[in-house]
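J.: Data: target.cif, mmCIF, C-alpha atoms and all ligand atoms.
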```
data_input
#
loop_
_atom_site.label_atom_id
_atom_site.label_comp_id
_atom_site.auth_asym_id
_atom_site.auth_seq_id
_atom_site.Cartn_x
_atom_site.Cartn_y
_atom_site.Cartn_z
CA MET A 1 -8.06 26.26 8.91
CA ILE A 2 -9.19 22.75 8.08
CA LYS A 3 -8.12 20.02 10.47
CA GLU A 4 -6.06 17.09 9.20
CA GLU A 5 -7.99 13.78 9.07
CA ARG A 6 -7.14 10.11 8.57
CA HIS A 7 -10.05 9.47 6.20
CA VAL A 8 -13.24 11.40 5.51
CA LEU A 9 -16.50 9.60 4.71
CA VAL A 10 -19.27 11.71 3.16
CA ILE A 11 -22.77 10.20 3.07
CA PHE A 12 -25.65 11.90 1.25
CA PRO A 13 -28.76 10.60 -0.52
CA HIS A 14 -28.72 12.73 -3.69
CA PRO A 15 -26.24 13.64 -6.38
CA ASP A 16 -25.72 17.42 -5.81
CA ASP A 17 -26.18 17.24 -2.01
CA GLU A 18 -22.39 17.47 -1.79
CA ALA A 19 -22.09 20.37 -4.20
CA PHE A 20 -23.65 23.24 -2.25
CA GLY A 21 -22.17 22.99 1.20
CA VAL A 22 -19.37 20.42 1.15
CA SER A 23 -17.61 20.34 -2.22
CA GLY A 24 -15.07 22.96 -1.13
CA THR A 25 -14.32 20.94 1.99
CA ILE A 26 -13.99 17.70 0.01
CA SER A 27 -11.69 19.38 -2.54
CA THR A 28 -9.57 20.82 0.26
CA TYR A 29 -9.15 17.45 1.99
CA ILE A 30 -8.12 15.89 -1.30
CA GLU A 31 -5.56 18.64 -1.90
CA MET A 32 -4.26 18.00 1.66
CA GLY A 33 -3.79 14.33 0.76
CA VAL A 34 -6.63 13.16 3.04
CA PRO A 35 -8.52 10.26 1.42
CA VAL A 36 -12.21 10.99 0.91
CA THR A 37 -15.03 8.53 0.21
CA TYR A 38 -18.37 9.84 -1.01
CA ALA A 39 -21.30 7.43 -0.71
CA CYS A 40 -24.30 8.72 -2.64
CA LEU A 41 -27.37 6.65 -1.87
CA THR A 42 -29.58 7.41 -4.91
CA LEU A 43 -29.33 8.91 -8.37
CA GLY A 44 -31.96 11.57 -7.72
CA GLU A 45 -34.42 9.60 -9.84
CA MET A 46 -37.36 11.72 -8.68
CA GLY A 47 -35.91 15.12 -9.53
CA ARG A 48 -38.63 17.40 -10.89
CA ASN A 49 -36.62 19.64 -13.14
CA LEU A 50 -36.98 18.23 -16.66
CA GLY A 51 -36.97 21.57 -18.50
CA ASN A 52 -39.57 23.09 -20.81
CA PRO A 53 -38.94 22.10 -23.54
CA PRO A 54 -37.78 19.01 -21.64
CA PHE A 55 -34.15 17.81 -21.81
CA ALA A 56 -35.02 14.55 -20.00
CA ASN A 57 -37.87 12.30 -18.98
CA ARG A 58 -38.51 10.30 -15.78
CA GLU A 59 -36.57 7.33 -17.14
CA THR A 60 -33.55 9.16 -18.56
CA LEU A 61 -33.06 11.56 -15.63
CA PRO A 62 -31.13 9.04 -13.46
CA LEU A 63 -28.71 8.35 -16.31
CA ILE A 64 -28.11 12.07 -16.75
CA ARG A 65 -27.65 12.59 -13.03
CA LYS A 66 -25.24 9.66 -12.80
CA LYS A 67 -23.03 11.26 -15.45
CA GLU A 68 -23.26 14.57 -13.59
CA LEU A 69 -22.25 12.89 -10.34
CA LEU A 70 -19.21 11.30 -11.99
CA GLN A 71 -18.25 14.68 -13.42
CA ALA A 72 -18.73 16.33 -10.02
CA ALA A 73 -16.44 13.74 -8.43
CA ALA A 74 -13.81 14.45 -11.09
CA SER A 75 -14.19 18.21 -10.45
CA MET A 76 -13.39 17.68 -6.76
CA GLY A 77 -10.54 15.28 -7.53
CA LEU A 78 -12.49 12.55 -5.74
CA SER A 79 -11.65 8.98 -6.77
CA ASP A 80 -13.70 6.93 -4.27
CA LEU A 81 -17.30 7.57 -5.28
CA ARG A 82 -19.79 4.89 -4.26
CA MET A 83 -23.28 4.80 -5.76
CA MET A 84 -25.42 2.80 -3.38
CA GLY A 85 -28.36 1.97 -5.66
CA LEU A 86 -31.31 3.11 -3.55
CA ARG A 87 -34.21 5.06 -5.00
CA ASP A 88 -34.83 8.75 -4.49
CA LYS A 89 -37.61 9.55 -1.97
CA THR A 90 -37.73 6.00 -0.58
CA ILE A 91 -34.92 6.07 2.03
CA GLU A 92 -37.27 6.65 4.96
CA PHE A 93 -39.34 3.62 3.90
CA GLU A 94 -36.37 1.23 3.83
CA ASP A 95 -35.87 -1.01 6.86
CA ASP A 96 -34.17 1.17 9.50
CA GLU A 97 -31.75 -1.60 10.47
CA LYS A 98 -30.76 -2.13 6.84
CA MET A 99 -29.90 1.56 6.63
CA VAL A 100 -27.80 1.43 9.81
CA LYS A 101 -26.00 -1.63 8.41
CA LEU A 102 -25.30 0.20 5.16
CA VAL A 103 -23.60 2.99 7.13
CA GLU A 104 -21.78 0.52 9.41
CA ASP A 105 -20.39 -1.29 6.38
CA LEU A 106 -19.12 1.98 4.92
CA ILE A 107 -17.50 2.90 8.24
CA ASN A 108 -15.92 -0.54 8.63
CA ASP A 109 -14.61 -0.37 5.11
CA THR A 110 -13.11 3.13 5.24
CA ASN A 111 -12.24 3.58 8.95
CA PRO A 112 -12.97 7.31 8.85
CA SER A 113 -11.81 9.82 11.45
CA LEU A 114 -14.58 12.13 10.21
CA VAL A 115 -18.04 11.48 8.78
CA ILE A 116 -20.02 14.25 7.04
CA SER A 117 -23.78 14.00 6.52
CA PHE A 118 -27.03 15.81 7.29
CA TYR A 119 -28.49 16.60 10.72
CA PRO A 120 -31.51 14.41 11.55
CA GLY A 121 -34.79 16.33 11.59
CA LEU A 122 -33.34 19.61 10.36
CA SER A 123 -32.52 18.75 6.78
CA VAL A 124 -35.89 19.35 5.09
CA HIS A 125 -35.97 16.48 2.57
CA PRO A 126 -37.22 13.14 3.99
CA ASP A 127 -34.25 11.36 2.36
CA HIS A 128 -31.83 13.77 4.06
CA ASP A 129 -33.36 13.18 7.47
CA ALA A 130 -33.53 9.40 6.98
CA THR A 131 -29.88 9.29 5.89
CA ALA A 132 -28.92 11.39 8.89
CA ARG A 133 -30.77 9.08 11.30
CA ALA A 134 -28.95 6.04 9.93
CA VAL A 135 -25.57 7.78 10.17
CA VAL A 136 -26.14 8.92 13.76
CA ARG A 137 -27.40 5.48 14.82
CA ALA A 138 -24.48 3.65 13.25
CA ILE A 139 -21.90 5.89 14.95
CA ARG A 140 -23.76 5.88 18.28
CA ARG A 141 -23.40 2.10 18.41
CA MET A 142 -19.63 2.35 18.26
CA PRO A 143 -17.57 2.49 21.48
CA VAL A 144 -17.15 6.17 22.35
CA ALA A 145 -13.38 6.04 21.93
CA ASP A 146 -13.67 4.62 18.41
CA ARG A 147 -16.29 7.01 17.08
CA PRO A 148 -15.32 9.27 14.20
CA SER A 149 -16.25 12.94 14.48
CA LEU A 150 -19.54 13.74 12.78
CA TYR A 151 -20.01 17.04 10.95
CA THR A 152 -23.59 17.71 9.97
CA ILE A 153 -25.42 20.09 7.64
CA ALA A 154 -28.75 21.54 8.79
CA PHE A 155 -30.83 24.02 6.84
CA ALA A 156 -34.43 23.76 8.04
CA ASN A 157 -35.97 27.18 8.64
CA ASN A 158 -35.78 26.67 12.43
CA THR A 159 -32.15 25.49 12.53
CA LEU A 160 -30.78 28.58 14.22
CA GLU A 161 -33.41 28.32 16.98
CA ILE A 162 -32.61 24.68 17.68
CA LEU A 163 -28.86 24.39 17.11
CA GLY A 164 -27.59 27.97 17.20
CA GLU A 165 -24.65 28.89 14.99
CA PRO A 166 -22.50 26.18 13.39
CA ASP A 167 -19.27 25.50 15.27
CA ILE A 168 -17.17 24.40 12.29
CA ILE A 169 -16.44 27.03 9.66
CA HIS A 170 -14.28 26.10 6.68
CA ASN A 171 -12.86 28.76 4.43
CA VAL A 172 -12.70 27.13 1.00
CA GLU A 173 -11.83 30.21 -1.05
CA ALA A 174 -8.64 28.52 -2.29
CA VAL A 175 -10.69 25.83 -4.05
CA ALA A 176 -13.54 28.09 -5.23
CA ASP A 177 -12.90 27.10 -8.86
CA LYS A 178 -13.37 23.43 -8.02
CA LYS A 179 -16.53 24.21 -6.09
CA ILE A 180 -18.01 26.12 -9.01
CA ALA A 181 -17.02 23.29 -11.36
CA THR A 182 -18.75 20.82 -9.03
CA LEU A 183 -21.91 22.92 -8.91
CA ASN A 184 -21.88 23.26 -12.69
CA SER A 185 -21.39 19.50 -13.06
CA HIS A 186 -24.91 19.04 -11.72
CA ALA A 187 -26.31 21.15 -14.54
CA SER A 188 -29.72 19.47 -14.59
CA GLN A 189 -30.25 20.75 -11.05
CA THR A 190 -28.19 23.92 -10.90
CA VAL A 191 -28.12 25.59 -14.29
CA TRP A 192 -30.66 28.30 -13.40
CA MET A 193 -29.28 28.96 -9.96
CA MET A 194 -25.70 29.11 -11.26
CA ARG A 195 -26.58 31.55 -14.04
CA ASP A 196 -27.72 33.98 -11.36
CA MET A 197 -24.90 33.07 -8.96
CA GLU A 198 -22.08 33.50 -11.49
CA LYS A 199 -23.45 36.92 -12.38
CA ARG A 200 -23.46 37.92 -8.71
CA LEU A 201 -19.96 36.52 -8.20
CA ALA A 202 -18.72 38.49 -11.21
CA GLU A 203 -20.13 41.63 -9.53
CA ASN A 204 -18.32 40.70 -6.28
CA ASP A 205 -21.64 40.47 -4.43
CA ALA A 206 -20.63 40.04 -0.76
CA ASP A 207 -23.35 37.50 0.11
CA ALA A 208 -22.58 35.40 -2.96
CA LEU A 209 -18.87 35.37 -2.19
CA LYS A 210 -19.53 34.42 1.42
CA TRP A 211 -21.83 31.62 0.22
CA LEU A 212 -19.14 30.33 -2.12
CA HIS A 213 -16.17 30.65 0.22
CA THR A 214 -17.64 29.44 3.50
CA GLU A 215 -18.84 25.96 4.46
CA ARG A 216 -20.47 25.54 7.83
CA PHE A 217 -21.09 22.43 9.91
CA TYR A 218 -22.53 21.44 13.26
CA THR A 219 -20.42 18.89 15.10
CA TYR A 220 -22.92 16.29 16.24
CA ASP A 221 -23.36 16.62 19.99
CA TRP A 222 -23.81 13.20 21.64
CA ASN A 223 -25.02 14.95 24.80
CA ASN A 224 -27.88 16.44 22.78
CA ASP A 225 -28.85 13.36 20.78
CA PHE A 226 -31.87 13.57 18.48
CA GLU A 227 -33.45 10.42 19.99
CA MET B 228 -40.66 14.42 -24.82
CA GLN B 229 -42.85 16.57 -27.04
CA PRO B 230 -46.10 18.45 -26.41
CA VAL B 231 -49.12 16.18 -26.52
CA GLN B 232 -50.69 15.55 -29.92
CA PRO B 233 -53.99 14.10 -28.76
CA ASN B 234 -54.72 11.95 -31.82
CA HIS B 235 -51.29 10.38 -31.81
CA LEU B 236 -51.34 9.84 -28.06
CA GLN B 237 -54.78 8.24 -28.37
CA GLU B 238 -53.37 5.75 -30.91
CA LEU B 239 -50.53 4.92 -28.53
CA LEU B 240 -52.93 4.36 -25.62
CA ASN B 241 -54.98 2.05 -27.84
CA SER B 242 -51.87 0.03 -28.66
CA PHE B 243 -51.33 -0.87 -24.98
CA ALA B 244 -54.96 -1.80 -24.27
CA ASN B 245 -55.90 -5.39 -23.40
CA LYS B 246 -52.32 -6.33 -22.55
CA ASP B 247 -50.58 -6.83 -19.22
CA VAL B 248 -48.66 -3.59 -18.78
CA TYR B 249 -46.47 -2.05 -16.09
CA ILE B 250 -47.59 1.32 -14.76
CA HIS B 251 -45.67 4.23 -13.26
CA LEU B 252 -47.93 6.92 -11.81
CA GLU B 253 -46.71 9.87 -9.81
CA THR B 254 -47.92 13.24 -8.62
CA THR B 255 -45.64 15.62 -6.77
CA ASN B 256 -45.12 19.15 -5.51
CA GLY B 257 -41.49 18.39 -4.70
CA ALA B 258 -40.04 17.58 -1.30
CA TYR B 259 -39.09 21.21 -0.70
CA ALA B 260 -42.54 22.77 -1.19
CA GLY B 261 -43.13 23.11 2.56
CA HIS B 262 -39.64 24.53 3.07
CA PHE B 263 -40.01 27.34 0.57
CA LYS B 264 -43.63 28.07 1.41
CA GLU B 265 -44.30 27.50 5.07
CA GLY B 266 -47.67 25.92 5.75
CA PHE B 267 -47.89 24.45 2.24
CA PHE B 268 -49.93 21.25 2.32
CA ASN B 269 -47.62 18.87 0.47
CA ALA B 270 -49.40 15.87 -1.01
CA GLY B 271 -48.45 13.43 -3.72
CA ALA B 272 -48.52 9.76 -4.63
CA PHE B 273 -46.22 7.30 -6.35
CA ILE B 274 -46.74 3.84 -7.82
CA ARG B 275 -44.19 2.01 -9.94
CA ASN B 276 -44.27 -1.35 -11.67
CA VAL B 277 -47.81 -2.29 -10.83
CA VAL B 278 -49.23 -4.58 -13.52
CA VAL B 279 -52.67 -3.84 -14.95
CA ASN B 280 -54.64 -4.75 -18.05
CA TYR B 281 -56.85 -1.89 -19.18
CA GLU B 282 -59.73 -2.26 -21.59
CA LEU B 283 -59.98 1.38 -22.61
CA GLY B 284 -57.50 4.26 -22.53
CA LYS B 285 -58.56 7.80 -23.36
CA VAL B 286 -57.11 11.26 -23.84
CA ALA B 287 -59.56 13.92 -22.64
CA GLY B 288 -59.74 17.69 -22.46
CA ASP B 289 -57.60 20.46 -23.92
CA SER B 290 -53.97 20.86 -22.93
CA PRO B 291 -53.04 20.06 -20.23
CA HIS B 292 -54.81 16.80 -20.95
CA ARG B 293 -56.38 14.17 -18.76
CA ILE B 294 -55.61 10.51 -19.37
CA GLY B 295 -57.91 7.77 -18.07
CA LEU B 296 -57.48 4.00 -18.14
CA LYS B 297 -60.55 1.84 -17.50
CA LEU B 298 -59.67 -1.42 -15.73
CA PRO B 299 -61.92 -4.46 -15.35
CA TYR B 300 -62.49 -3.53 -11.67
CA GLY B 301 -61.42 0.08 -11.41
CA TRP B 302 -59.67 3.10 -12.87
CA ILE B 303 -56.39 4.91 -13.27
CA TYR B 304 -56.25 8.54 -14.28
CA ALA B 305 -53.81 11.42 -14.41
CA GLN B 306 -54.51 15.07 -15.03
CA GLY B 307 -52.16 17.82 -16.16
CA ILE B 308 -50.38 15.81 -18.88
CA THR B 309 -48.50 18.15 -21.25
CA HIS B 310 -45.74 16.03 -22.82
CA TYR B 311 -45.17 12.49 -24.05
CA THR B 312 -42.73 10.27 -25.85
CA VAL B 313 -42.20 6.65 -26.79
CA ASP B 314 -38.68 5.75 -25.71
CA GLU B 315 -36.22 3.28 -27.22
CA LYS B 316 -37.75 0.50 -25.11
CA ASP B 317 -41.20 1.20 -26.64
CA ARG B 318 -42.50 2.57 -23.34
CA LEU B 319 -45.12 5.31 -23.41
CA LEU B 320 -43.89 8.08 -21.09
CA MET B 321 -46.30 10.92 -20.30
CA ALA B 322 -45.62 13.86 -18.02
CA GLY B 323 -47.16 17.10 -16.89
CA LEU B 324 -44.55 19.86 -16.77
CA ASP B 325 -45.29 23.23 -15.25
CA PRO B 326 -44.18 26.41 -17.09
CA GLU B 327 -40.77 26.21 -15.36
CA GLY B 328 -40.23 22.67 -16.64
CA LYS B 329 -40.82 20.97 -13.30
CA LEU B 330 -42.60 17.65 -13.34
CA ALA B 331 -45.93 17.70 -11.49
CA VAL B 332 -47.41 14.42 -12.69
CA SER B 333 -46.27 11.44 -14.72
CA LEU B 334 -47.99 8.38 -16.13
CA GLU B 335 -45.96 5.73 -17.90
CA ILE B 336 -47.01 2.48 -19.57
CA SER B 337 -44.69 -0.36 -20.54
CA GLU B 338 -44.89 -4.01 -21.53
CA THR B 339 -41.64 -4.64 -19.63
CA PRO B 340 -40.84 -3.63 -16.02
CA PHE B 341 -39.35 -0.21 -15.36
CA THR B 342 -36.01 -0.15 -13.54
CA TYR B 343 -36.07 -0.33 -9.72
ZN ZN A 401 -30.80 16.22 -1.43
#
```
Just dump the structure as structure tokens.
T.:
Amino acid sequence: MIKEERHVLVIFPHPDDEAFGVSGTISTYIEMGVPVTYACLTLGEMGRNLGNPPFANRETLPLIRKKELLQAAASMGLSDLRMMGLRDKTIEFEDDEKMVKLVEDLINDTNPSLVISFYPGLSVHPDHDATARAVVRAIRRMPVADRPSLYTIAFANNTLEILGEPDIIHNVEAVADKKIATLNSHASQTVWMMRDMEKRLAENDADALKWLHTERFYTYDWNNDFE
Amino acid sequence: MQPVQPNHLQELLNSFANKDVYIHLETTNGAYAGHFKEGFFNAGAFIRNVVVNYELGKVAGDSPHRIGLKLPYGWIYAQGITHYTVDEKDRLLMAGLDPEGKLAVSLEISETPFTY
């Protein structure tokens, strides 16, 4: 069961961050008629996968990933996609206040009842953690009564130790086709993984189906703040 | 990009010598290296749009090649270069791709600035 929302604001640094663990949730909200905004901070300019023989180079990769992101948005039925123009792998080096302001502006503009992002310090990529810090700081500055809920994704190897099990579990089986289409949209990043995954799904592999059908979040706990 | 043809690449390096050029230089193991292999010492470096004027550029070694640029007061080099191309903006883009097609190093030279 996925709770009704006024507006959902999704904030991630890389095209494809939404695909793995949130695209089913986004697609479901859109089918429910809940408006969703996805702010993607970079175009994944520093992605390493160029293929051998290469299908891209350092300078063409962002253009390819931008097209993939637009296609992913279309796959989810998402119409409010915002590309924020920062550069991959540099988020943590931006001015911290500038990053908080960027999130505040998005919140002021969309008035979300729910924000979805990463969990600070447990999201492995420096851009993920830096994005998460800015999101938490921006929401923390709001009066408690006005704060949107914050669902976070954490996948560092020690996540279970630190946070335990996620408290929000979304079954997104009904939109599995859209999720697969979103994952396939990011072909430059996912083509190898999806080749294996689609084979496992065709064989009804239980782990693969669970991975596809379940999206898990930690509600950010203001009594257990990261700083 | 195509596999390095040393003679052709050498000609291209010569064509950018003694001019003010913008440099992109990057080495990387990927941000996830320490996640997939615990204890992995993840090091890399990145420079983009630094202007230099090199007096000599050279392709060295067998594939993967080493590329060195001699500056009036210093050096730039990259090792592990496997592929190169000249793009539609006449920029020389060189990269070192591992057998899986993942970029490990890149060195790019342009007379005009690279994007952000
Ligand atoms: Zn990411």
J.: State, in Å with one decimal place, the distance from atom CA of Asn224 of chain A to atom CA of Ala156 of chain A.
T.: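 So the answer is 17.7 Å.
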J.: Using all atoms listed in the file, find the residues of chain A whose closest atom to chain B is at most 10 Å away, then write them as a PyMOL selection string.
T.: chain A and resi 46-60+85-87+89+123-127+155-157
J.: Mind writing the picked residues with C-alpha atoms as a PDB file, in the frame of the given file?
T.:
```pdb
ATOM      1  CA  MET A  46     -37.360  11.720  -8.680  1.00  0.00           C
ATOM      2  CA  GLY A  47     -35.910  15.120  -9.530  1.00  0.00           C
ATOM      3  CA  ARG A  48     -38.630  17.400 -10.890  1.00  0.00           C
ATOM      4  CA  ASN A  49     -36.620  19.640 -13.140  1.00  0.00           C
ATOM      5  CA  LEU A  50     -36.980  18.230 -16.660  1.00  0.00           C
ATOM      6  CA  GLY A  51     -36.970  21.570 -18.500  1.00  0.00           C
ATOM      7  CA  ASN A  52     -39.570  23.090 -20.810  1.00  0.00           C
ATOM      8  CA  PRO A  53     -38.940  22.100 -23.540  1.00  0.00           C
ATOM      9  CA  PRO A  54     -37.780  19.010 -21.640  1.00  0.00           C
ATOM     10  CA  PHE A  55     -34.150  17.810 -21.810  1.00  0.00           C
ATOM     11  CA  ALA A  56     -35.020  14.550 -20.000  1.00  0.00           C
ATOM     12  CA  ASN A  57     -37.870  12.300 -18.980  1.00  0.00           C
ATOM     13  CA  ARG A  58     -38.510  10.300 -15.780  1.00  0.00           C
ATOM     14  CA  GLU A  59     -36.570   7.330 -17.140  1.00  0.00           C
ATOM     15  CA  THR A  60     -33.550   9.160 -18.560  1.00  0.00           C
ATOM     16  CA  GLY A  85     -28.360   1.970  -5.660  1.00  0.00           C
ATOM     17  CA  LEU A  86     -31.310   3.110  -3.550  1.00  0.00           C
ATOM     18  CA  ARG A  87     -34.210   5.060  -5.000  1.00  0.00           C
ATOM     19  CA  LYS A  89     -37.610   9.550  -1.970  1.00  0.00           C
ATOM     20  CA  SER A 123     -32.520  18.750   6.780  1.00  0.00           C
ATOM     21  CA  VAL A 124     -35.890  19.350   5.090  1.00  0.00           C
ATOM     22  CA  HIS A 125     -35.970  16.480   2.570  1.00  0.00           C
ATOM     23  CA  PRO A 126     -37.220  13.140   3.990  1.00  0.00           C
ATOM     24  CA  ASP A 127     -34.250  11.360   2.360  1.00  0.00           C
ATOM     25  CA  PHE A 155     -30.830  24.020   6.840  1.00  0.00           C
ATOM     26  CA  ALA A 156     -34.430  23.760   8.040  1.00  0.00           C
ATOM     27  CA  ASN A 157     -35.970  27.180   8.640  1.00  0.00           C
TER      28      ASN A 157
END
```
J.: What lies within 10 Å of Val36 of chain A using all atoms listed in the file, ignoring chain neighbours under 4 positions off, as a list in words?
T.: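 Counting all atoms listed in the file, the residues come to Glu5, Arg6, His7, Val8, Leu9, Val10, Ile26, Ser27, Tyr29, Ile30, Gly77, Leu78, Ser79, Asp80, Leu81, Thr110, Pro112, Leu114 and Val115 of chain A.
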J.: Would you mind listing what lies within 12 Å of Glu97 of chain A as a ChimeraX atom specification, with only C-alpha atoms counted and same-chain residues fewer than 2 positions away left out?
T.: /A:91-95,99-104,130-131,133-135,137-138
J.: Distance limit 8 Å, reference ligand ZN 401 (chain A), atoms considered: all atoms listed in the file. Which residues make the cut? Give them as a CSV table (one decimal) with C-alpha atoms, in the coordinates of the input.
T.:
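Below is the file that was written, out.csv:
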```csv
chain,number,residue,atom,x,y,z
A,12,PHE,CA,-25.6,11.9,1.2
A,13,PRO,CA,-28.8,10.6,-0.5
A,14,HIS,CA,-28.7,12.7,-3.7
A,15,PRO,CA,-26.2,13.6,-6.4
A,16,ASP,CA,-25.7,17.4,-5.8
A,17,ASP,CA,-26.2,17.2,-2.0
A,44,GLY,CA,-32.0,11.6,-7.7
A,125,HIS,CA,-36.0,16.5,2.6
A,127,ASP,CA,-34.2,11.4,2.4
A,128,HIS,CA,-31.8,13.8,4.1
```
J.: Interatomic distance between atom CA of Ile308 of chain B and atom CA of His292 of chain B?
T.: 5.0 Å
J.: For Val279 of chain B, which residue among B:Leu296, B:Leu236, B:Ala305, B:Val231 is the nearest when counting only C-alpha atoms?
T.: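 Distance minimum relative to Val279 of chain B lands on B:Leu296.
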J.: To one decimal in Å, tell me the separation between atom CA of Asp289 of chain B and atom CA of Ala244 of chain B.
T.: 22.4 Å
J.: Restricting the calculation to all atoms listed in the file, which member of A:Leu183, A:Ile153, A:Arg140, A:Gly164 is positioned closest to Asn223 of chain A?
T.: A:Arg140
J.: Write out as a VMD selection string the residues lying within 6 Å of Ile294 of chain B, counting all atoms listed in the file and excluding same-chain residues fewer than 4 positions away.
T.: chain B and resid 285 to 286 304 to 305
J.: Please check which residues have atoms at most 6 Å from (-45.0, 4.1, -10.7) in the file's coordinates, counting all atoms listed in the file, and write them as a ChimeraX atom specification.
T.: /B:250-252,273-276
J.: Write out as a list of chain:residue names which residues come within 10 Å of Thr190 of chain A when counting all atoms listed in the file, dropping same-chain ones fewer than 4 positions away.
T.: A:Asp16, A:Ala19, A:Phe20, A:Asn49, A:Leu183, A:Asn184, A:Ser185, A:His186, A:Met194, A:Arg195, A:Met197
J.: Quick one: write out the picked residues with C-alpha atoms as an mmCIF file, keeping the file's coordinate frame?
T.:
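Saved to again-v9.cif:
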```cif
data_model
loop_
_atom_site.group_PDB
_atom_site.id
_atom_site.type_symbol
_atom_site.label_atom_id
_atom_site.label_comp_id
_atom_site.auth_asym_id
_atom_site.auth_seq_id
_atom_site.Cartn_x
_atom_site.Cartn_y
_atom_site.Cartn_z
ATOM 1 C CA ASP A 16 -25.720 17.420 -5.810
ATOM 2 C CA ALA A 19 -22.090 20.370 -4.200
ATOM 3 C CA PHE A 20 -23.650 23.240 -2.250
ATOM 4 C CA ASN A 49 -36.620 19.640 -13.140
ATOM 5 C CA LEU A 183 -21.910 22.920 -8.910
ATOM 6 C CA ASN A 184 -21.880 23.260 -12.690
ATOM 7 C CA SER A 185 -21.390 19.500 -13.060
ATOM 8 C CA HIS A 186 -24.910 19.040 -11.720
ATOM 9 C CA MET A 194 -25.700 29.110 -11.260
ATOM 10 C CA ARG A 195 -26.580 31.550 -14.040
ATOM 11 C CA MET A 197 -24.900 33.070 -8.960
#
```
J.: Of the candidates A:His170, A:Arg216, A:Lys98, A:Arg200, which shows the shortest atom-to-atom distance to Thr152 of chain A, using all atoms listed in the file?
T.: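 Going through A:His170, A:Arg216, A:Lys98, A:Arg200 one by one, the smallest distance to Thr152 of chain A is for A:Arg216.
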J.: Could you check which of A:Val175, A:Ala73, A:Met142, A:Leu160 is closest to Asn111 of chain A, using only C-alpha atoms?
T.: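 Checking each of A:Val175, A:Ala73, A:Met142, A:Leu160 against Asn111 of chain A, counting only C-alpha atoms, the winner is A:Met142.
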J.: Which is closer to Lys179 of chain A than all the others in A:Thr214, A:Asn204, A:Thr90, A:Asn108, using all atoms listed in the file?
T.: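 Selected residue with least distance to Lys179 of chain A: A:Thr214.
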